[in-house]
>>> print(open('my_file_24.cif').read())   # mmCIF, C-alpha atoms and all ligand atoms
data_query
loop_
_atom_site.label_atom_id
_atom_site.label_comp_id
_atom_site.auth_asym_id
_atom_site.auth_seq_id
_atom_site.Cartn_x
_atom_site.Cartn_y
_atom_site.Cartn_z
CA MET A 1 -14.87 25.16 -15.16
CA ARG A 2 -11.94 25.79 -17.58
CA MET A 3 -13.34 27.60 -20.57
CA PRO A 4 -12.62 25.63 -23.75
CA ALA A 5 -10.98 26.83 -26.96
CA VAL A 6 -13.43 26.10 -29.75
CA GLY A 7 -13.02 26.06 -33.53
CA ILE A 8 -16.33 26.93 -35.23
CA THR A 9 -17.04 26.18 -38.87
CA CYS A 10 -20.19 27.25 -40.72
CA TYR A 11 -21.38 28.69 -44.00
CA PRO A 12 -20.52 32.34 -43.41
CA SER A 13 -23.26 33.82 -45.60
CA GLN A 14 -26.68 34.82 -44.34
CA GLY A 15 -28.35 31.43 -43.81
CA GLY A 16 -29.77 30.63 -40.40
CA SER A 17 -27.05 28.09 -39.63
CA GLY A 18 -24.38 30.79 -40.14
CA VAL A 19 -26.33 33.18 -37.91
CA VAL A 20 -26.62 30.58 -35.15
CA ALA A 21 -22.93 29.65 -35.38
CA SER A 22 -21.81 33.31 -35.32
CA GLU A 23 -24.11 34.26 -32.45
CA LEU A 24 -23.03 31.18 -30.51
CA GLY A 25 -19.38 32.14 -30.99
CA LEU A 26 -20.03 35.71 -29.88
CA HIS A 27 -21.86 34.63 -26.74
CA LEU A 28 -19.28 31.98 -25.85
CA ALA A 29 -16.47 34.50 -26.35
CA ARG A 30 -18.20 36.93 -23.99
CA MET A 31 -18.37 34.12 -21.44
CA GLY A 32 -14.60 33.65 -21.71
CA CYS A 33 -14.17 30.87 -24.31
CA GLU A 34 -11.54 31.37 -26.99
CA ILE A 35 -13.42 31.11 -30.28
CA HIS A 36 -11.69 30.44 -33.60
CA PHE A 37 -13.84 30.78 -36.72
CA ILE A 38 -12.51 28.52 -39.48
CA THR A 39 -14.52 29.57 -42.53
CA THR A 40 -14.10 30.68 -46.14
CA GLN A 41 -15.14 34.26 -45.27
CA LEU A 42 -15.60 36.21 -42.08
CA PRO A 43 -19.17 35.49 -40.91
CA PHE A 44 -21.19 38.68 -41.32
CA ARG A 45 -21.85 39.36 -37.64
CA LEU A 46 -18.14 39.39 -36.82
CA GLU A 47 -16.83 42.34 -38.78
CA ASN A 48 -16.15 44.40 -35.64
CA TYR A 49 -13.39 43.52 -33.21
CA HIS A 50 -14.50 41.16 -30.45
CA GLN A 51 -12.36 39.99 -27.57
CA ASN A 52 -11.63 36.23 -27.65
CA ILE A 53 -12.68 35.88 -31.30
CA PHE A 54 -10.18 34.88 -33.97
CA TYR A 55 -10.65 34.27 -37.67
CA HIS A 56 -8.75 31.74 -39.79
CA PRO A 57 -9.68 31.79 -43.48
CA VAL A 58 -9.96 28.53 -45.38
CA GLU A 59 -8.06 29.20 -48.62
CA LEU A 60 -9.25 27.47 -51.77
CA PRO A 61 -6.28 27.39 -54.15
CA GLN A 62 -7.29 26.79 -57.76
CA TYR A 63 -5.33 24.38 -59.94
CA PRO A 64 -5.99 23.64 -63.61
CA VAL A 65 -6.41 19.91 -62.93
CA PHE A 66 -9.25 20.52 -60.45
CA GLN A 67 -12.74 20.84 -61.83
CA HIS A 68 -13.71 22.23 -58.40
CA ALA A 69 -11.36 23.24 -55.58
CA PRO A 70 -11.54 20.48 -52.90
CA TYR A 71 -13.09 22.54 -50.08
CA THR A 72 -13.24 19.67 -47.58
CA LEU A 73 -9.49 19.02 -47.81
CA SER A 74 -8.59 22.69 -47.37
CA LEU A 75 -11.00 22.89 -44.45
CA ALA A 76 -9.52 19.79 -42.77
CA SER A 77 -5.96 21.09 -43.22
CA THR A 78 -6.86 24.50 -41.79
CA MET A 79 -8.70 22.90 -38.86
CA HIS A 80 -5.69 20.69 -38.16
CA ASP A 81 -3.30 23.64 -38.36
CA VAL A 82 -5.43 25.91 -36.12
CA ALA A 83 -6.00 23.10 -33.62
CA LEU A 84 -2.24 22.63 -33.24
CA ARG A 85 -1.29 26.31 -33.21
CA CYS A 86 -4.08 27.50 -30.94
CA GLY A 87 -4.60 24.44 -28.76
CA LEU A 88 -8.25 23.85 -29.65
CA ASP A 89 -10.25 21.52 -27.45
CA ILE A 90 -13.26 21.23 -29.73
CA LEU A 91 -14.16 21.53 -33.39
CA HIS A 92 -17.83 22.54 -33.57
CA VAL A 93 -19.23 22.31 -37.07
CA HIS A 94 -22.57 23.68 -38.22
CA TYR A 95 -24.35 21.95 -41.12
CA ALA A 96 -23.04 18.42 -41.54
CA VAL A 97 -22.29 18.46 -45.27
CA PRO A 98 -19.30 18.64 -45.68
CA HIS A 99 -18.16 20.35 -42.45
CA ALA A 100 -18.38 17.19 -40.37
CA ALA A 101 -16.08 15.51 -42.92
CA GLY A 102 -13.48 18.26 -42.50
CA ALA A 103 -13.60 17.90 -38.72
CA TYR A 104 -13.43 14.10 -38.92
CA LEU A 105 -10.30 14.27 -41.11
CA ALA A 106 -8.67 16.90 -38.89
CA ARG A 107 -9.31 14.76 -35.80
CA GLN A 108 -7.80 11.72 -37.53
CA MET A 109 -4.72 13.75 -38.48
CA LEU A 110 -4.34 15.03 -34.91
CA GLY A 111 -4.45 11.58 -33.37
CA PRO A 112 -6.73 9.88 -30.87
CA GLU A 113 -8.30 11.81 -27.99
CA ARG A 114 -6.58 15.03 -29.05
CA ILE A 115 -9.75 16.95 -29.96
CA LYS A 116 -13.52 16.49 -29.83
CA VAL A 117 -15.89 16.98 -32.74
CA VAL A 118 -19.38 18.40 -32.22
CA THR A 119 -21.72 18.41 -35.21
CA THR A 120 -24.86 20.55 -35.17
CA LEU A 121 -27.49 19.51 -37.68
CA HIS A 122 -29.51 22.44 -39.01
CA GLY A 123 -31.97 21.35 -41.65
CA THR A 124 -31.49 20.42 -45.26
CA ASP A 125 -28.15 18.79 -44.40
CA ILE A 126 -30.51 16.06 -43.14
CA THR A 127 -33.85 16.60 -44.86
CA LEU A 128 -32.59 17.15 -48.43
CA VAL A 129 -28.86 17.27 -49.27
CA GLY A 130 -27.76 14.54 -46.85
CA GLN A 131 -30.29 12.20 -48.40
CA GLU A 132 -28.90 12.53 -51.93
CA PRO A 133 -27.56 9.07 -52.78
CA SER A 134 -24.04 10.47 -53.26
CA TYR A 135 -24.02 12.02 -49.77
CA PHE A 136 -26.16 9.60 -47.75
CA PRO A 137 -23.58 6.99 -46.62
CA ILE A 138 -20.96 9.58 -45.69
CA THR A 139 -23.46 11.77 -43.84
CA ARG A 140 -24.56 8.73 -41.81
CA PHE A 141 -20.93 7.78 -41.12
CA LEU A 142 -20.05 11.31 -39.99
CA ILE A 143 -23.04 11.49 -37.65
CA GLN A 144 -21.85 8.24 -36.10
CA GLN A 145 -18.25 9.41 -35.87
CA SER A 146 -18.84 12.84 -34.27
CA ASP A 147 -18.17 12.91 -30.54
CA ALA A 148 -21.49 14.66 -30.04
CA VAL A 149 -24.35 15.51 -32.37
CA THR A 150 -26.98 18.14 -31.73
CA ALA A 151 -30.11 19.01 -33.71
CA VAL A 152 -31.88 22.35 -33.64
CA SER A 153 -35.32 20.81 -33.04
CA GLY A 154 -36.99 17.61 -31.92
CA PHE A 155 -38.38 17.33 -35.45
CA LEU A 156 -34.87 17.32 -36.92
CA ARG A 157 -33.59 14.84 -34.35
CA ASP A 158 -36.49 12.48 -35.15
CA GLU A 159 -35.94 12.87 -38.90
CA THR A 160 -32.24 12.10 -38.48
CA VAL A 161 -32.98 8.97 -36.48
CA ARG A 162 -35.72 7.88 -38.92
CA VAL A 163 -33.75 8.46 -42.11
CA PHE A 164 -30.21 7.61 -41.04
CA ASP A 165 -30.94 4.99 -38.38
CA CYS A 166 -27.52 5.78 -36.96
CA GLY A 167 -27.97 4.28 -33.47
CA ARG A 168 -26.70 7.16 -31.42
CA ASP A 169 -27.94 9.82 -29.10
CA ILE A 170 -28.70 13.22 -30.65
CA GLN A 171 -29.25 16.09 -28.25
CA VAL A 172 -31.80 18.75 -29.12
CA ILE A 173 -30.42 22.22 -28.50
CA PRO A 174 -32.87 24.65 -30.07
CA ASN A 175 -31.95 27.79 -31.92
CA PHE A 176 -31.91 30.99 -29.94
CA VAL A 177 -32.26 34.73 -30.35
CA ASP A 178 -30.39 37.61 -28.78
CA ALA A 179 -33.42 39.31 -27.25
CA ARG A 180 -31.40 42.44 -26.44
CA LEU A 181 -30.68 42.94 -30.14
CA TYR A 182 -34.03 41.76 -31.51
CA THR A 183 -36.49 43.96 -29.62
CA PRO A 184 -39.88 45.52 -30.29
CA GLY A 185 -39.86 49.23 -30.91
CA ARG A 186 -40.99 50.73 -34.14
CA ASP A 187 -38.74 53.30 -35.80
CA ASP A 188 -41.26 55.38 -37.76
CA ALA A 189 -38.59 56.70 -40.11
CA VAL A 190 -37.58 53.15 -41.08
CA ARG A 191 -41.19 52.04 -41.45
CA ALA A 192 -41.99 55.03 -43.63
CA ARG A 193 -39.58 53.69 -46.26
CA PHE A 194 -41.83 50.69 -46.80
CA ALA A 195 -45.43 51.60 -45.93
CA LEU A 196 -47.80 54.49 -45.23
CA PRO A 197 -49.15 54.84 -41.68
CA ASP A 198 -52.56 53.36 -42.57
CA GLU A 199 -51.08 50.37 -44.44
CA LYS A 200 -50.23 46.98 -42.94
CA LEU A 201 -46.69 45.76 -43.57
CA LEU A 202 -46.12 42.05 -44.16
CA VAL A 203 -42.61 40.61 -44.34
CA HIS A 204 -40.92 37.46 -45.62
CA ALA A 205 -37.17 36.88 -45.23
CA SER A 206 -35.36 33.90 -46.71
CA ASN A 207 -32.86 32.69 -49.27
CA PHE A 208 -35.70 32.21 -51.75
CA ARG A 209 -35.24 28.52 -52.44
CA LYS A 210 -38.19 26.32 -53.44
CA VAL A 211 -38.34 24.89 -49.91
CA LYS A 212 -39.26 28.39 -48.65
CA ASN A 213 -42.43 28.30 -50.79
CA PRO A 214 -42.25 31.99 -51.73
CA GLN A 215 -45.12 31.65 -54.22
CA ALA A 216 -47.41 31.12 -51.22
CA VAL A 217 -46.13 34.44 -49.83
CA VAL A 218 -47.18 36.14 -53.07
CA GLU A 219 -50.60 34.47 -53.04
CA VAL A 220 -51.37 35.24 -49.39
CA PHE A 221 -50.17 38.81 -49.80
CA ALA A 222 -52.35 39.26 -52.91
CA ARG A 223 -55.40 38.12 -50.93
CA VAL A 224 -54.58 40.35 -47.94
CA ALA A 225 -53.93 43.35 -50.20
CA ALA A 226 -57.34 42.80 -51.81
CA ALA A 227 -58.95 43.06 -48.37
CA MET A 228 -57.02 45.96 -46.78
CA PRO A 229 -54.29 48.49 -47.61
CA ALA A 230 -51.06 46.49 -47.34
CA ARG A 231 -47.44 46.34 -48.45
CA LEU A 232 -44.90 43.54 -48.54
CA LEU A 233 -41.21 43.56 -47.63
CA LEU A 234 -39.22 40.72 -49.24
CA ILE A 235 -35.80 40.44 -47.58
CA GLY A 236 -33.14 38.20 -49.08
CA ASP A 237 -32.47 36.76 -52.49
CA GLY A 238 -32.16 33.38 -54.14
CA PRO A 239 -33.05 31.17 -57.09
CA GLU A 240 -36.83 31.68 -56.83
CA MET A 241 -36.70 35.47 -56.81
CA PRO A 242 -37.22 35.92 -60.59
CA ALA A 243 -40.38 33.76 -60.44
CA VAL A 244 -41.59 35.73 -57.41
CA ARG A 245 -41.10 39.03 -59.23
CA GLU A 246 -42.97 37.61 -62.24
CA ALA A 247 -45.90 36.46 -60.09
CA LEU A 248 -46.11 39.87 -58.39
CA ALA A 249 -45.99 41.66 -61.75
CA ALA A 250 -48.71 39.39 -63.17
CA ARG A 251 -50.97 40.44 -60.26
CA GLY A 252 -50.09 44.13 -60.63
CA LEU A 253 -48.54 44.15 -57.17
CA THR A 254 -44.92 45.09 -57.89
CA ASP A 255 -45.30 48.67 -56.67
CA ARG A 256 -46.63 47.43 -53.32
CA VAL A 257 -43.47 45.42 -52.63
CA SER A 258 -39.96 46.44 -51.44
CA PHE A 259 -36.93 44.29 -52.25
CA PRO A 260 -33.99 45.42 -50.10
CA GLY A 261 -32.01 42.30 -51.12
CA ALA A 262 -29.85 40.11 -48.90
CA VAL A 263 -29.22 42.84 -46.36
CA THR A 264 -27.87 42.52 -42.85
CA GLY A 265 -29.52 44.27 -39.91
CA LEU A 266 -32.74 42.26 -39.78
CA GLU A 267 -33.11 43.51 -36.22
CA ASP A 268 -33.80 47.02 -37.60
CA LEU A 269 -36.32 45.90 -40.20
CA LEU A 270 -38.40 43.26 -38.42
CA PRO A 271 -39.74 45.54 -35.65
CA VAL A 272 -41.40 47.88 -38.18
CA CYS A 273 -43.46 45.03 -39.67
CA ASP A 274 -46.91 43.82 -38.62
CA LEU A 275 -46.75 40.17 -39.68
CA LEU A 276 -44.18 37.61 -40.86
CA LEU A 277 -45.07 34.96 -43.43
CA LEU A 278 -42.99 31.76 -43.42
CA PRO A 279 -44.95 29.18 -45.42
CA SER A 280 -42.01 26.79 -46.06
CA LEU A 281 -42.63 23.31 -47.42
CA HIS A 282 -40.85 22.27 -44.25
CA GLU A 283 -38.64 24.07 -41.78
CA SER A 284 -36.48 22.24 -39.29
CA PHE A 285 -36.75 25.27 -37.00
CA GLY A 286 -37.44 28.57 -38.78
CA LEU A 287 -35.05 30.95 -37.03
CA VAL A 288 -36.46 34.07 -38.68
CA ALA A 289 -39.85 33.38 -37.08
CA LEU A 290 -38.19 33.33 -33.65
CA GLU A 291 -36.35 36.57 -34.45
CA ALA A 292 -39.63 38.17 -35.55
CA MET A 293 -41.33 37.02 -32.35
CA ALA A 294 -38.55 38.58 -30.25
CA CYS A 295 -39.32 41.84 -32.10
CA GLY A 296 -43.01 41.49 -31.21
CA VAL A 297 -44.01 40.56 -34.76
CA VAL A 298 -46.63 37.85 -35.14
CA ALA A 299 -45.61 34.92 -37.39
CA VAL A 300 -47.83 32.81 -39.62
CA ALA A 301 -45.49 29.88 -40.16
CA THR A 302 -45.45 26.42 -41.62
CA SER A 303 -46.84 23.58 -39.54
CA ARG A 304 -44.46 21.13 -41.24
CA GLY A 305 -41.29 20.69 -39.22
CA GLY A 306 -40.04 22.19 -35.98
CA ALA A 307 -41.63 25.65 -35.84
CA GLY A 308 -44.36 24.16 -33.64
CA GLU A 309 -41.74 23.73 -30.93
CA PHE A 310 -41.82 27.49 -30.25
CA ILE A 311 -44.96 28.73 -31.99
CA HIS A 312 -48.17 27.74 -30.25
CA ASP A 313 -51.03 28.10 -32.68
CA GLY A 314 -53.39 30.90 -31.70
CA VAL A 315 -51.36 31.66 -28.56
CA ASN A 316 -48.17 33.39 -29.75
CA GLY A 317 -48.57 33.07 -33.55
CA TYR A 318 -50.09 30.74 -36.12
CA LEU A 319 -49.13 27.44 -37.72
CA ARG A 320 -50.63 26.45 -41.05
CA ASP A 321 -49.94 23.78 -43.63
CA PRO A 322 -47.91 25.34 -46.48
CA GLU A 323 -50.63 24.35 -48.95
CA ASP A 324 -53.40 25.89 -46.86
CA LEU A 325 -53.54 29.29 -48.53
CA ASP A 326 -57.04 29.96 -47.18
CA GLY A 327 -55.89 29.17 -43.64
CA MET A 328 -52.82 31.40 -43.88
CA THR A 329 -54.86 34.25 -45.34
CA ALA A 330 -57.55 33.93 -42.66
CA ALA A 331 -54.90 33.99 -39.90
CA ALA A 332 -53.19 37.02 -41.45
CA LEU A 333 -56.48 38.91 -41.83
CA ALA A 334 -57.50 38.08 -38.25
CA VAL A 335 -54.28 39.53 -36.82
CA LEU A 336 -54.05 42.52 -39.13
CA GLY A 337 -57.72 43.39 -38.71
CA ASP A 338 -57.74 43.40 -34.90
CA ASP A 339 -55.09 45.51 -33.23
CA GLY A 340 -55.95 44.21 -29.76
CA LEU A 341 -55.41 40.62 -30.90
CA ARG A 342 -52.17 41.53 -32.67
CA GLN A 343 -50.88 43.31 -29.60
CA HIS A 344 -51.77 40.37 -27.35
CA LEU A 345 -50.11 37.77 -29.62
CA ALA A 346 -47.08 40.02 -30.04
CA GLU A 347 -46.56 40.25 -26.29
CA GLU A 348 -46.88 36.47 -25.89
CA ALA A 349 -44.47 35.98 -28.80
CA ARG A 350 -41.86 38.32 -27.33
CA ARG A 351 -42.11 36.71 -23.90
CA ASP A 352 -41.75 33.16 -25.22
CA ALA A 353 -38.89 34.01 -27.59
CA ALA A 354 -36.89 35.88 -24.96
CA GLY A 355 -37.47 33.17 -22.32
CA ASP A 356 -36.70 29.56 -23.19
CA PHE A 357 -35.26 30.57 -26.58
CA GLY A 358 -33.25 33.54 -25.40
CA ALA A 359 -29.46 33.31 -25.79
CA PRO A 360 -28.53 32.88 -22.10
CA CYS A 361 -30.78 29.85 -21.69
CA VAL A 362 -29.64 28.05 -24.86
CA VAL A 363 -25.93 28.96 -25.03
CA LYS A 364 -25.53 27.44 -21.57
CA LYS A 365 -26.62 24.09 -23.01
CA TYR A 366 -23.76 24.14 -25.52
CA LEU A 367 -21.30 25.01 -22.80
CA GLU A 368 -22.57 22.14 -20.67
CA LEU A 369 -22.20 19.80 -23.62
CA TYR A 370 -18.57 20.90 -24.17
CA ASP A 371 -17.93 20.43 -20.49
CA ARG A 372 -19.32 16.88 -20.52
CA LEU A 373 -17.25 16.01 -23.58
CA LEU A 374 -14.04 17.31 -22.09
CA ALA A 375 -14.53 15.82 -18.62
CA PRO A 376 -11.66 13.39 -18.06
CA GLY A 377 -12.70 9.74 -17.93
CA ASP A 378 -16.24 10.58 -18.98
CA LEU A 379 -15.71 10.78 -22.68
CA ARG A 380 -17.64 7.75 -23.74
CA SER A 381 -20.40 7.59 -21.16
CA THR A 382 -22.38 10.63 -22.25
CA PHE A 383 -23.35 9.43 -25.70
CA VAL A 384 -24.61 6.15 -27.02
CA ARG A 385 -22.02 5.10 -29.57
CA ASP A 386 -22.64 2.95 -32.56
CA GLY A 387 -19.97 0.24 -32.71
O1 LIG B 401 -30.74 23.79 -44.06
C1 LIG B 401 -30.81 24.73 -44.85
O2 LIG B 401 -31.43 24.71 -45.88
C2 LIG B 401 -30.05 25.98 -44.58
C3 LIG B 401 -30.14 26.38 -43.17
C4 LIG B 401 -29.56 27.74 -43.12
O3 LIG B 401 -28.35 27.83 -43.06
O4 LIG B 401 -30.36 28.69 -43.14
O5 LIG B 401 -31.49 26.44 -42.65
C5 LIG B 401 -31.79 25.53 -41.66
O6 LIG B 401 -31.13 25.95 -40.48
C6 LIG B 401 -31.71 27.06 -39.82
C7 LIG B 401 -30.85 27.36 -38.58
O7 LIG B 401 -30.82 26.28 -37.73
C8 LIG B 401 -33.15 26.74 -39.45
O8 LIG B 401 -33.74 27.82 -38.75
C9 LIG B 401 -33.93 26.46 -40.72
O9 LIG B 401 -35.24 26.05 -40.36
C10 LIG B 401 -33.28 25.37 -41.52
N1 LIG B 401 -33.91 25.29 -42.85
C11 LIG B 401 -34.73 24.31 -43.22
O10 LIG B 401 -35.03 23.39 -42.49
C12 LIG B 401 -35.33 24.42 -44.56
#
>>> encode(input="my_file_24.cif", output="structure tokens", more="lines below")
Ligand code: GMT
Amino acid sequence: MRMPAVGITCYPSQGGSGVVASELGLHLARMGCEIHFITTQLPFRLENYHQNIFYHPVELPQYPVFQHAPYTLSLASTMHDVALRCGLDILHVHYAVPHAAGAYLARQMLGPERIKVVTTLHGTDITLVGQEPSYFPITRFLIQQSDAVTAVSGFLRDETVRVFDCGRDIQVIPNFVDARLYTPGRDDAVRARFALPDEKLLVHASNFRKVKNPQAVVEVFARVAAAMPARLLLIGDGPEMPAVREALAARGLTDRVSFPGAVTGLEDLLPVCDLLLLPSLHESFGLVALEAMACGVVAVATSRGGAGEFIHDGVNGYLRDPEDLDGMTAAALAVLGDDGLRQHLAEEARRDAAGDFGAPCVVKKYLELYDRLLAPGDLRSTFVRDG
């Protein structure tokens, strides 16, 4: 199999879609693909030198006439330029809005059959943003026009079909975790920064938007802390953080909580925790829960969305409705109050995360998809196309 040259575009900050895109690029590069990141900043996992990885910044020149710099046009131009200079076979965009538009324009500029466009749907590009009236028709059009579309869960695929009725095949390729990086193994010195030995350490990591339901984290933590010595680690930052801090202060809990901010190196922090809370209003996948599981940390996660595709309730973690505060608290107390149970669930969680959702298993599916797309004479048979 000739290894393809792939242009990858994503939001380079710390969201899950950027993590998946960066990790995918790193793994594909190790397998011999030439990977070209076409993004506004270097994605955070890629600061070190890696063989087969190249970075092409998307510049956003300001001009007094523009109210906002037209990101999609700069992206399309850069994609077009990189595709020509570096001989790209594929443009693989993560998060449809507006990355699929950039890739569509670049492909049009390059001419027919010159390059293939793969769009990976991640979450709110479908469940929230893409459904805004001003984005809906173009999101639907771009899903139809991509040469291949993947979704990170069956839930997200079904939502896309239900909402956009776009008459095409969407392949589910789940998110994955690098189980060599995310491993169990408590570093007592790291843990000591956040909790005393006899305290339980709960963790929540997100970009603190409303959809992450961080007030439920506060409420469940308050109930757990009333029942046993406990601390909370809140990793990340976002628009809801001020309200979270207020709610913690109102309950007199501020000094039981650490706020390291939007730090990198989650793989060092997760293993020192006892339980992850992810009570999102919905979650197309919930990558951080998978990362926690790989570290042997039990997750109590939302039952709305795709987390149920890798968390099996009571077997390797817990699924609860995001409004079921009693249910989340009871699950947390059960795990934290019984070390044998926690250990058992943690082992199941690690095994399941590192198996079907480990990088080797999932990255291969992307490579097979590229291979199908690039197979001569087989370009149109793989996917159901909408006329
Ligand atoms: O869709 C978003 O809101 C942002 C996106 C991100 O970049 O973090 O999150 C989505 O993609 C992740 C990676 O595939 C998934 O793990 C998250 O579940 C998903 N977020 C939501 O569905 C709310």
>>> residues_around(input="my_file_24.cif", residues="Arg251 in chain A", least_positions_apart="4", cutoff="9 Å", atoms="all atoms listed in the file", output="count of residues only")
3
>>> closest_residue(input="my_file_24.cif", among="A:Ala294, A:Leu287, A:Val244, A:Leu278", to="Tyr318 in chain A", atoms="all atoms listed in the file")
A:Leu278
>>> atom_distance(input="my_file_24.cif", atom1="CA of Asp169 in chain A", atom2="CA of Lys364 in chain A")
19.3 Å
>>> residues_near_ligand(input="my_file_24.cif", ligand="ligand LIG 401 (chain B)", cutoff="10 Å", atoms="all atoms listed in the file", output="ChimeraX atom specification")
/A:10-21,94-96,120-129,151-153,155-156,174-176,206-207,209-212,280-290,304-307
>>> atom_distance(input="my_file_24.cif", atom1="CA of Leu196 in chain A", atom2="CA of Val315 in chain A")
28.5 Å
>>> residues_around(input="my_file_24.cif", residues="Ala5 in chain A", least_positions_apart="4", cutoff="7 Å", atoms="all atoms listed in the file", output="list in words")
Cys33, Glu34, Ile35, Leu88, Asp89 and Ile90 of chain A
>>> residues_near_point(input="my_file_24.cif", point="(-24.8, 40.0, -41.2)", cutoff="9 Å", atoms="all atoms listed in the file", output="PyMOL selection string")
chain A and resi 13-14+19+43-47+263-266
>>> decode(input="my_file_24.cif", residues="range 38-44 of chain A", atoms="all heavy atoms", output="PDB file, in the first residue's frame")
ATOM      1  N   ILE A  38      -2.509  21.839   8.618  1.00  0.00           N
ATOM      2  CA  ILE A  38      -2.858  23.146   8.045  1.00  0.00           C
ATOM      3  C   ILE A  38      -3.810  23.797   9.047  1.00  0.00           C
ATOM      4  O   ILE A  38      -5.014  23.546   9.061  1.00  0.00           O
ATOM      5  CB  ILE A  38      -3.511  22.966   6.647  1.00  0.00           C
ATOM      6  CG1 ILE A  38      -2.593  22.131   5.748  1.00  0.00           C
ATOM      7  CG2 ILE A  38      -3.822  24.327   6.021  1.00  0.00           C
ATOM      8  CD1 ILE A  38      -3.245  21.685   4.431  1.00  0.00           C
ATOM      9  N   THR A  39      -3.247  24.572   9.947  1.00  0.00           N
ATOM     10  CA  THR A  39      -4.019  25.091  11.085  1.00  0.00           C
ATOM     11  C   THR A  39      -3.533  26.502  11.440  1.00  0.00           C
ATOM     12  O   THR A  39      -2.461  26.923  11.011  1.00  0.00           O
ATOM     13  CB  THR A  39      -3.814  24.182  12.334  1.00  0.00           C
ATOM     14  OG1 THR A  39      -2.409  23.968  12.513  1.00  0.00           O
ATOM     15  CG2 THR A  39      -4.465  22.829  12.177  1.00  0.00           C
ATOM     16  N   THR A  40      -4.307  27.196  12.256  1.00  0.00           N
ATOM     17  CA  THR A  40      -3.927  28.571  12.611  1.00  0.00           C
ATOM     18  C   THR A  40      -2.745  28.599  13.591  1.00  0.00           C
ATOM     19  O   THR A  40      -2.003  29.571  13.637  1.00  0.00           O
ATOM     20  CB  THR A  40      -5.106  29.326  13.244  1.00  0.00           C
ATOM     21  OG1 THR A  40      -5.652  28.492  14.264  1.00  0.00           O
ATOM     22  CG2 THR A  40      -6.162  29.680  12.223  1.00  0.00           C
ATOM     23  N   GLN A  41      -2.628  27.548  14.413  1.00  0.00           N
ATOM     24  CA  GLN A  41      -1.473  27.434  15.321  1.00  0.00           C
ATOM     25  C   GLN A  41      -1.032  25.983  15.308  1.00  0.00           C
ATOM     26  O   GLN A  41      -1.828  25.100  14.982  1.00  0.00           O
ATOM     27  CB  GLN A  41      -1.879  27.710  16.767  1.00  0.00           C
ATOM     28  CG  GLN A  41      -2.197  29.121  17.098  1.00  0.00           C
ATOM     29  CD  GLN A  41      -2.974  29.170  18.416  1.00  0.00           C
ATOM     30  OE1 GLN A  41      -2.743  28.388  19.315  1.00  0.00           O
ATOM     31  NE2 GLN A  41      -3.906  30.101  18.490  1.00  0.00           N
ATOM     32  N   LEU A  42       0.195  25.771  15.780  1.00  0.00           N
ATOM     33  CA  LEU A  42       0.683  24.395  15.874  1.00  0.00           C
ATOM     34  C   LEU A  42      -0.135  23.659  16.939  1.00  0.00           C
ATOM     35  O   LEU A  42      -0.206  24.112  18.076  1.00  0.00           O
ATOM     36  CB  LEU A  42       2.159  24.436  16.289  1.00  0.00           C
ATOM     37  CG  LEU A  42       2.913  23.125  16.252  1.00  0.00           C
ATOM     38  CD1 LEU A  42       3.046  22.617  14.820  1.00  0.00           C
ATOM     39  CD2 LEU A  42       4.293  23.294  16.871  1.00  0.00           C
ATOM     40  N   PRO A  43      -0.802  22.544  16.576  1.00  0.00           N
ATOM     41  CA  PRO A  43      -1.554  21.815  17.608  1.00  0.00           C
ATOM     42  C   PRO A  43      -0.645  21.419  18.766  1.00  0.00           C
ATOM     43  O   PRO A  43       0.536  21.110  18.568  1.00  0.00           O
ATOM     44  CB  PRO A  43      -2.082  20.581  16.860  1.00  0.00           C
ATOM     45  CG  PRO A  43      -2.151  21.012  15.437  1.00  0.00           C
ATOM     46  CD  PRO A  43      -0.978  21.939  15.253  1.00  0.00           C
ATOM     47  N   PHE A  44      -1.190  21.435  19.996  1.00  0.00           N
ATOM     48  CA  PHE A  44      -0.317  21.422  21.180  1.00  0.00           C
ATOM     49  C   PHE A  44       0.495  20.148  21.355  1.00  0.00           C
ATOM     50  O   PHE A  44       1.500  20.154  22.030  1.00  0.00           O
ATOM     51  CB  PHE A  44      -1.117  21.744  22.444  1.00  0.00           C
ATOM     52  CG  PHE A  44      -2.048  20.654  22.893  1.00  0.00           C
ATOM     53  CD1 PHE A  44      -1.649  19.744  23.846  1.00  0.00           C
ATOM     54  CD2 PHE A  44      -3.308  20.559  22.370  1.00  0.00           C
ATOM     55  CE1 PHE A  44      -2.505  18.745  24.275  1.00  0.00           C
ATOM     56  CE2 PHE A  44      -4.171  19.561  22.779  1.00  0.00           C
ATOM     57  CZ  PHE A  44      -3.769  18.652  23.731  1.00  0.00           C
TER      58      PHE A  44
END
